[in-house]
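Engineer: Handing you a structure now.
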Amino acid sequence: EEVDLNDCIRSALVIARNGIKDKADVHLQLGELPRIACAPSQINQVLLNLLNNAAQAMDGFGRIQLKSWADTQQVLISVQDNGRGMPPEVLARIFDPFFTTKPVGQGTGLGLSISFKIIQDHGGNIRVVSEPGRGTRFLISLPYGQAAALQRSA
């Protein structure tokens with residue numbers, strides 16, 4: 001489906017609002033984006049997971065910043081928080097299935113693994129930068145021309 005990813009961002013925010021409102025202020029900086037072929041429900045799932053993780057990473061009241069922009073080949077979305085951040089040994093494993101830093105019964109360790117697979121299936125990339133005490137930033141890039149690959153995977 002051809003969609004404006006800003007619509008996906010807004011939709012994920014509506015769903016995540018209750019879990020975020022007492023944990024962080026959300027700041028949007030949405031650029032003008034071309035419509036791209038994607039599975040919007042899957043992109044919403046990725047964004048929702050990143051937003052929930054960001055809110056859970058807050059020790060006090062924090063800030064989550066969402067940005068979107070496009071260059072000549074891709075659409076980019078950044079989800080950045082000023083939460084507790086992650087040390088290198090955790091960062092190295094966050095996309096591994098069943099890896100979690102949450103207490104037993106509070107996380108399956110599948111959210112980021114599934115998110116990674118969804119972005120990969122869309123022909124895109126998800127990267128992360130994090131530093132303990134300074135927060136985390138996820139950067140999602142989705143190319144304009146992934147429609148054929150998406151149809152094959154469907």
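For the structure tokens, the naming scheme is as follows: chains receive sequential letters (A, B, ...) according to their order of presentation, residues are indexed from 1 within each chain, and ligands are indexed from 1 in presentation order.
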What parts of region 37-68 of chain A does DSSP call helix (DSSP H, G or I)? I'd like the answer as a list in words.

Structural biologist: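 Answer for region 37-68 of chain A, restricted to helix (DSSP H, G or I): Pro40, Ser41, Gln42, Ile43, Asn44, Gln45, Val46, Leu47, Leu48, Asn49, Leu50, Leu51, Asn52, Asn53, Ala54, Ala55 and Gln56 of chain A.
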
Engineer: Restricting the output to N, CA and C atoms, write the selected residues as a PDB file, in the first residue's frame.

Structural biologist:
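Result file follows (again_26.pdb):
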```
ATOM      1  N   PRO A  40       1.585  -0.781   6.152  1.00  0.00           N
ATOM      2  CA  PRO A  40       1.491   0.206   7.228  1.00  0.00           C
ATOM      3  C   PRO A  40       1.288  -0.404   8.615  1.00  0.00           C
ATOM      4  N   SER A  41       0.533  -1.486   8.716  1.00  0.00           N
ATOM      5  CA  SER A  41       0.318  -2.091  10.032  1.00  0.00           C
ATOM      6  C   SER A  41       1.632  -2.607  10.617  1.00  0.00           C
ATOM      7  N   GLN A  42       2.518  -3.105   9.747  1.00  0.00           N
ATOM      8  CA  GLN A  42       3.812  -3.583  10.222  1.00  0.00           C
ATOM      9  C   GLN A  42       4.716  -2.426  10.640  1.00  0.00           C
ATOM     10  N   ILE A  43       4.710  -1.351   9.872  1.00  0.00           N
ATOM     11  CA  ILE A  43       5.509  -0.175  10.226  1.00  0.00           C
ATOM     12  C   ILE A  43       4.983   0.410  11.539  1.00  0.00           C
ATOM     13  N   ASN A  44       3.659   0.441  11.693  1.00  0.00           N
ATOM     14  CA  ASN A  44       3.069   0.906  12.959  1.00  0.00           C
ATOM     15  C   ASN A  44       3.547   0.043  14.125  1.00  0.00           C
ATOM     16  N   GLN A  45       3.630  -1.264  13.922  1.00  0.00           N
ATOM     17  CA  GLN A  45       4.094  -2.175  14.968  1.00  0.00           C
ATOM     18  C   GLN A  45       5.525  -1.841  15.386  1.00  0.00           C
ATOM     19  N   VAL A  46       6.384  -1.572  14.411  1.00  0.00           N
ATOM     20  CA  VAL A  46       7.781  -1.209  14.697  1.00  0.00           C
ATOM     21  C   VAL A  46       7.820   0.084  15.505  1.00  0.00           C
ATOM     22  N   LEU A  47       7.099   1.099  15.035  1.00  0.00           N
ATOM     23  CA  LEU A  47       7.107   2.399  15.717  1.00  0.00           C
ATOM     24  C   LEU A  47       6.534   2.298  17.122  1.00  0.00           C
ATOM     25  N   LEU A  48       5.461   1.543  17.265  1.00  0.00           N
ATOM     26  CA  LEU A  48       4.845   1.350  18.574  1.00  0.00           C
ATOM     27  C   LEU A  48       5.831   0.685  19.536  1.00  0.00           C
ATOM     28  N   ASN A  49       6.545  -0.308  19.055  1.00  0.00           N
ATOM     29  CA  ASN A  49       7.539  -0.989  19.880  1.00  0.00           C
ATOM     30  C   ASN A  49       8.640  -0.015  20.314  1.00  0.00           C
ATOM     31  N   LEU A  50       9.139   0.790  19.379  1.00  0.00           N
ATOM     32  CA  LEU A  50      10.199   1.747  19.706  1.00  0.00           C
ATOM     33  C   LEU A  50       9.708   2.803  20.694  1.00  0.00           C
ATOM     34  N   LEU A  51       8.476   3.267  20.519  1.00  0.00           N
ATOM     35  CA  LEU A  51       7.914   4.260  21.438  1.00  0.00           C
ATOM     36  C   LEU A  51       7.723   3.690  22.837  1.00  0.00           C
ATOM     37  N   ASN A  52       7.192   2.477  22.920  1.00  0.00           N
ATOM     38  CA  ASN A  52       7.000   1.848  24.230  1.00  0.00           C
ATOM     39  C   ASN A  52       8.331   1.590  24.925  1.00  0.00           C
ATOM     40  N   ASN A  53       9.320   1.118  24.175  1.00  0.00           N
ATOM     41  CA  ASN A  53      10.643   0.887  24.756  1.00  0.00           C
ATOM     42  C   ASN A  53      11.253   2.194  25.257  1.00  0.00           C
ATOM     43  N   ALA A  54      11.088   3.267  24.470  1.00  0.00           N
ATOM     44  CA  ALA A  54      11.632   4.570  24.874  1.00  0.00           C
ATOM     45  C   ALA A  54      10.992   5.029  26.182  1.00  0.00           C
ATOM     46  N   ALA A  55       9.670   4.889  26.283  1.00  0.00           N
ATOM     47  CA  ALA A  55       8.977   5.302  27.507  1.00  0.00           C
ATOM     48  C   ALA A  55       9.440   4.471  28.702  1.00  0.00           C
ATOM     49  N   GLN A  56       9.646   3.177  28.473  1.00  0.00           N
ATOM     50  CA  GLN A  56      10.082   2.295  29.564  1.00  0.00           C
ATOM     51  C   GLN A  56      11.528   2.557  29.975  1.00  0.00           C
TER      52      GLN A  56
END
```

Engineer: Need to verify the contact set: region 85-100 of chain A, 7 Å, only C-alpha atoms, exclusion of same-chain residues closer than 2 positions in sequence. Can you return it as a list of chain:residue names?

Structural biologist: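 Everything that qualifies: A:Gly83, A:Lys102, A:Gly107, A:Thr108, A:Gly109, A:Leu110, A:Leu112, A:Ser113, A:Phe116, A:Ser130, A:Glu131, A:Pro132, A:Gly133, A:Arg134, A:Gly135, A:Thr136.
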
Engineer: So that I can check the surroundings of region 70-78 of chain A, please list as a ChimeraX atom specification every protein, DNA and RNA residue that reaches within 6 Å of it, counting only C-alpha atoms and ignoring chain neighbours fewer than 6 positions away.

Structural biologist: /A:33,138-144

Engineer: Identify, with DSSP run on backbone atoms, the residues in chain A assigned to strand (DSSP E or B), and express the list as an mmCIF file with N, CA, C and O atoms, in the first residue's frame.

Structural biologist:
```
data_model
loop_
_atom_site.group_PDB
_atom_site.id
_atom_site.type_symbol
_atom_site.label_atom_id
_atom_site.label_comp_id
_atom_site.auth_asym_id
_atom_site.auth_seq_id
_atom_site.Cartn_x
_atom_site.Cartn_y
_atom_site.Cartn_z
ATOM 1 N N GLU A 2 0.567 2.225 -0.819
ATOM 2 C CA GLU A 2 1.346 3.470 -0.866
ATOM 3 C C GLU A 2 0.896 4.377 0.286
ATOM 4 O O GLU A 2 -0.268 4.761 0.357
ATOM 5 N N VAL A 3 1.827 4.694 1.187
ATOM 6 C CA VAL A 3 1.462 5.505 2.346
ATOM 7 C C VAL A 3 2.508 6.581 2.625
ATOM 8 O O VAL A 3 3.657 6.475 2.215
ATOM 9 N N ALA A 24 6.951 10.736 29.371
ATOM 10 C CA ALA A 24 7.765 11.602 28.517
ATOM 11 C C ALA A 24 6.913 12.563 27.695
ATOM 12 O O ALA A 24 5.770 12.272 27.370
ATOM 13 N N ASP A 25 7.519 13.688 27.356
ATOM 14 C CA ASP A 25 6.959 14.586 26.352
ATOM 15 C C ASP A 25 7.408 14.070 24.996
ATOM 16 O O ASP A 25 8.550 13.634 24.846
ATOM 17 N N VAL A 26 6.523 14.143 24.013
ATOM 18 C CA VAL A 26 6.865 13.716 22.663
ATOM 19 C C VAL A 26 6.982 14.959 21.783
ATOM 20 O O VAL A 26 6.089 15.810 21.774
ATOM 21 N N HIS A 27 8.096 15.062 21.079
ATOM 22 C CA HIS A 27 8.338 16.178 20.169
ATOM 23 C C HIS A 27 8.408 15.630 18.750
ATOM 24 O O HIS A 27 9.182 14.720 18.477
ATOM 25 N N LEU A 28 7.590 16.196 17.875
ATOM 26 C CA LEU A 28 7.546 15.762 16.477
ATOM 27 C C LEU A 28 8.241 16.770 15.582
ATOM 28 O O LEU A 28 8.054 17.976 15.735
ATOM 29 N N GLN A 29 9.019 16.265 14.671
ATOM 30 C CA GLN A 29 9.644 17.088 13.642
ATOM 31 C C GLN A 29 9.502 16.302 12.332
ATOM 32 O O GLN A 29 10.407 15.589 11.920
ATOM 33 N N LEU A 30 8.329 16.408 11.745
ATOM 34 C CA LEU A 30 8.010 15.595 10.578
ATOM 35 C C LEU A 30 8.221 16.374 9.291
ATOM 36 O O LEU A 30 7.636 17.442 9.104
ATOM 37 N N ILE A 36 5.376 5.871 0.042
ATOM 38 C CA ILE A 36 6.141 4.681 -0.348
ATOM 39 C C ILE A 36 5.292 3.437 -0.135
ATOM 40 O O ILE A 36 4.363 3.431 0.681
ATOM 41 N N ALA A 37 5.625 2.389 -0.864
ATOM 42 C CA ALA A 37 4.919 1.119 -0.740
ATOM 43 C C ALA A 37 5.419 0.404 0.499
ATOM 44 O O ALA A 37 6.619 0.185 0.666
ATOM 45 N N GLY A 62 10.816 12.131 30.882
ATOM 46 C CA GLY A 62 11.804 12.355 29.837
ATOM 47 C C GLY A 62 11.241 12.971 28.573
ATOM 48 O O GLY A 62 10.164 13.561 28.566
ATOM 49 N N ARG A 63 11.998 12.772 27.511
ATOM 50 C CA ARG A 63 11.669 13.346 26.213
ATOM 51 C C ARG A 63 11.885 12.292 25.131
ATOM 52 O O ARG A 63 12.906 11.606 25.115
ATOM 53 N N ILE A 64 10.914 12.202 24.224
ATOM 54 C CA ILE A 64 11.036 11.341 23.053
ATOM 55 C C ILE A 64 10.891 12.253 21.840
ATOM 56 O O ILE A 64 9.936 13.028 21.758
ATOM 57 N N GLN A 65 11.842 12.150 20.930
ATOM 58 C CA GLN A 65 11.794 12.985 19.729
ATOM 59 C C GLN A 65 11.648 12.090 18.504
ATOM 60 O O GLN A 65 12.417 11.144 18.316
ATOM 61 N N LEU A 66 10.654 12.390 17.696
ATOM 62 C CA LEU A 66 10.409 11.675 16.450
ATOM 63 C C LEU A 66 10.654 12.625 15.291
ATOM 64 O O LEU A 66 10.089 13.720 15.249
ATOM 65 N N LYS A 67 11.503 12.184 14.363
ATOM 66 C CA LYS A 67 11.791 12.985 13.178
ATOM 67 C C LYS A 67 11.569 12.126 11.943
ATOM 68 O O LYS A 67 11.813 10.923 11.978
ATOM 69 N N SER A 68 11.150 12.769 10.862
ATOM 70 C CA SER A 68 11.076 12.075 9.580
ATOM 71 C C SER A 68 11.593 13.012 8.502
ATOM 72 O O SER A 68 11.424 14.225 8.588
ATOM 73 N N TRP A 69 12.248 12.430 7.517
ATOM 74 C CA TRP A 69 12.739 13.194 6.372
ATOM 75 C C TRP A 69 13.023 12.222 5.239
ATOM 76 O O TRP A 69 12.977 11.003 5.433
ATOM 77 N N ALA A 70 13.286 12.770 4.085
ATOM 78 C CA ALA A 70 13.564 11.936 2.916
ATOM 79 C C ALA A 70 14.786 12.495 2.197
ATOM 80 O O ALA A 70 15.044 13.694 2.224
ATOM 81 N N GLN A 74 15.592 7.321 -0.091
ATOM 82 C CA GLN A 74 14.918 6.660 1.033
ATOM 83 C C GLN A 74 14.183 7.658 1.923
ATOM 84 O O GLN A 74 14.447 8.849 1.894
ATOM 85 N N VAL A 75 13.282 7.084 2.721
ATOM 86 C CA VAL A 75 12.599 7.825 3.767
ATOM 87 C C VAL A 75 13.241 7.392 5.080
ATOM 88 O O VAL A 75 13.531 6.206 5.282
ATOM 89 N N LEU A 76 13.471 8.364 5.959
ATOM 90 C CA LEU A 76 14.128 8.065 7.229
ATOM 91 C C LEU A 76 13.257 8.513 8.398
ATOM 92 O O LEU A 76 12.592 9.553 8.336
ATOM 93 N N ILE A 77 13.284 7.696 9.452
ATOM 94 C CA ILE A 77 12.564 8.010 10.686
ATOM 95 C C ILE A 77 13.537 7.808 11.842
ATOM 96 O O ILE A 77 14.201 6.770 11.937
ATOM 97 N N SER A 78 13.606 8.811 12.710
ATOM 98 C CA SER A 78 14.448 8.730 13.892
ATOM 99 C C SER A 78 13.557 8.757 15.125
ATOM 100 O O SER A 78 12.650 9.585 15.225
ATOM 101 N N VAL A 79 13.810 7.823 16.051
ATOM 102 C CA VAL A 79 13.117 7.794 17.341
ATOM 103 C C VAL A 79 14.213 7.901 18.396
ATOM 104 O O VAL A 79 15.031 6.994 18.545
ATOM 105 N N GLN A 80 14.222 9.019 19.105
ATOM 106 C CA GLN A 80 15.295 9.281 20.059
ATOM 107 C C GLN A 80 14.709 9.586 21.432
ATOM 108 O O GLN A 80 13.722 10.306 21.544
ATOM 109 N N ASP A 81 15.342 9.028 22.473
ATOM 110 C CA ASP A 81 14.906 9.309 23.833
ATOM 111 C C ASP A 81 16.098 9.758 24.675
ATOM 112 O O ASP A 81 17.242 9.559 24.289
ATOM 113 N N ASN A 125 16.582 -0.628 6.649
ATOM 114 C CA ASN A 125 17.643 -0.791 7.620
ATOM 115 C C ASN A 125 17.206 -0.139 8.930
ATOM 116 O O ASN A 125 16.536 0.899 8.910
ATOM 117 N N ILE A 126 17.586 -0.742 10.053
ATOM 118 C CA ILE A 126 17.351 -0.118 11.356
ATOM 119 C C ILE A 126 18.673 -0.155 12.113
ATOM 120 O O ILE A 126 19.312 -1.197 12.218
ATOM 121 N N ARG A 127 19.087 1.024 12.552
ATOM 122 C CA ARG A 127 20.348 1.140 13.292
ATOM 123 C C ARG A 127 20.063 1.785 14.632
ATOM 124 O O ARG A 127 19.065 2.488 14.808
ATOM 125 N N VAL A 128 20.978 1.586 15.563
ATOM 126 C CA VAL A 128 20.796 2.149 16.898
ATOM 127 C C VAL A 128 22.117 2.685 17.428
ATOM 128 O O VAL A 128 23.174 2.116 17.180
ATOM 129 N N VAL A 129 22.020 3.791 18.126
ATOM 130 C CA VAL A 129 23.146 4.373 18.847
ATOM 131 C C VAL A 129 22.642 4.634 20.263
ATOM 132 O O VAL A 129 21.548 5.157 20.445
ATOM 133 N N SER A 130 23.440 4.237 21.256
ATOM 134 C CA SER A 130 23.019 4.445 22.628
ATOM 135 C C SER A 130 24.232 4.621 23.524
ATOM 136 O O SER A 130 25.303 4.077 23.252
ATOM 137 N N GLU A 131 24.019 5.378 24.575
ATOM 138 C CA GLU A 131 25.082 5.609 25.543
ATOM 139 C C GLU A 131 24.448 5.663 26.931
ATOM 140 O O GLU A 131 23.469 6.390 27.128
ATOM 141 N N GLY A 135 20.786 8.252 26.699
ATOM 142 C CA GLY A 135 19.647 7.905 25.867
ATOM 143 C C GLY A 135 20.006 7.057 24.657
ATOM 144 O O GLY A 135 21.136 6.595 24.505
ATOM 145 N N THR A 136 18.997 6.882 23.810
ATOM 146 C CA THR A 136 19.097 5.969 22.670
ATOM 147 C C THR A 136 18.440 6.606 21.454
ATOM 148 O O THR A 136 17.436 7.306 21.575
ATOM 149 N N ARG A 137 19.007 6.305 20.290
ATOM 150 C CA ARG A 137 18.415 6.771 19.036
ATOM 151 C C ARG A 137 18.359 5.613 18.046
ATOM 152 O O ARG A 137 19.372 4.985 17.749
ATOM 153 N N PHE A 138 17.157 5.337 17.561
ATOM 154 C CA PHE A 138 16.956 4.359 16.492
ATOM 155 C C PHE A 138 16.737 5.130 15.203
ATOM 156 O O PHE A 138 16.004 6.118 15.179
ATOM 157 N N LEU A 139 17.367 4.652 14.133
ATOM 158 C CA LEU A 139 17.199 5.263 12.819
ATOM 159 C C LEU A 139 16.714 4.193 11.845
ATOM 160 O O LEU A 139 17.383 3.180 11.632
ATOM 161 N N ILE A 140 15.545 4.427 11.292
ATOM 162 C CA ILE A 140 14.943 3.516 10.315
ATOM 163 C C ILE A 140 15.067 4.160 8.942
ATOM 164 O O ILE A 140 14.725 5.333 8.777
ATOM 165 N N SER A 141 15.546 3.399 7.973
ATOM 166 C CA SER A 141 15.563 3.893 6.594
ATOM 167 C C SER A 141 14.829 2.885 5.716
ATOM 168 O O SER A 141 15.046 1.681 5.831
ATOM 169 N N LEU A 142 13.938 3.402 4.898
ATOM 170 C CA LEU A 142 13.160 2.573 3.986
ATOM 171 C C LEU A 142 13.319 3.127 2.571
ATOM 172 O O LEU A 142 13.016 4.298 2.324
ATOM 173 N N PRO A 143 13.791 2.288 1.647
ATOM 174 C CA PRO A 143 14.006 2.767 0.273
ATOM 175 C C PRO A 143 12.685 2.983 -0.461
ATOM 176 O O PRO A 143 11.667 2.385 -0.123
#
```

Engineer: Expressed in Å to a single decimal, how great is the separation between CA of Glu32 (chain A) and CA of Ser115 (chain A)?

Structural biologist: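 Separation between CA of Glu32 (chain A) and CA of Ser115 (chain A): 23.9 Å.
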
Engineer: For CA of Asp59 (chain A) and CA of Lys23 (chain A), determine how far apart the two atoms are, in Å to one decimal place.

Structural biologist: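 Pair CA of Asp59 (chain A) / CA of Lys23 (chain A) returns 8.5 Å.
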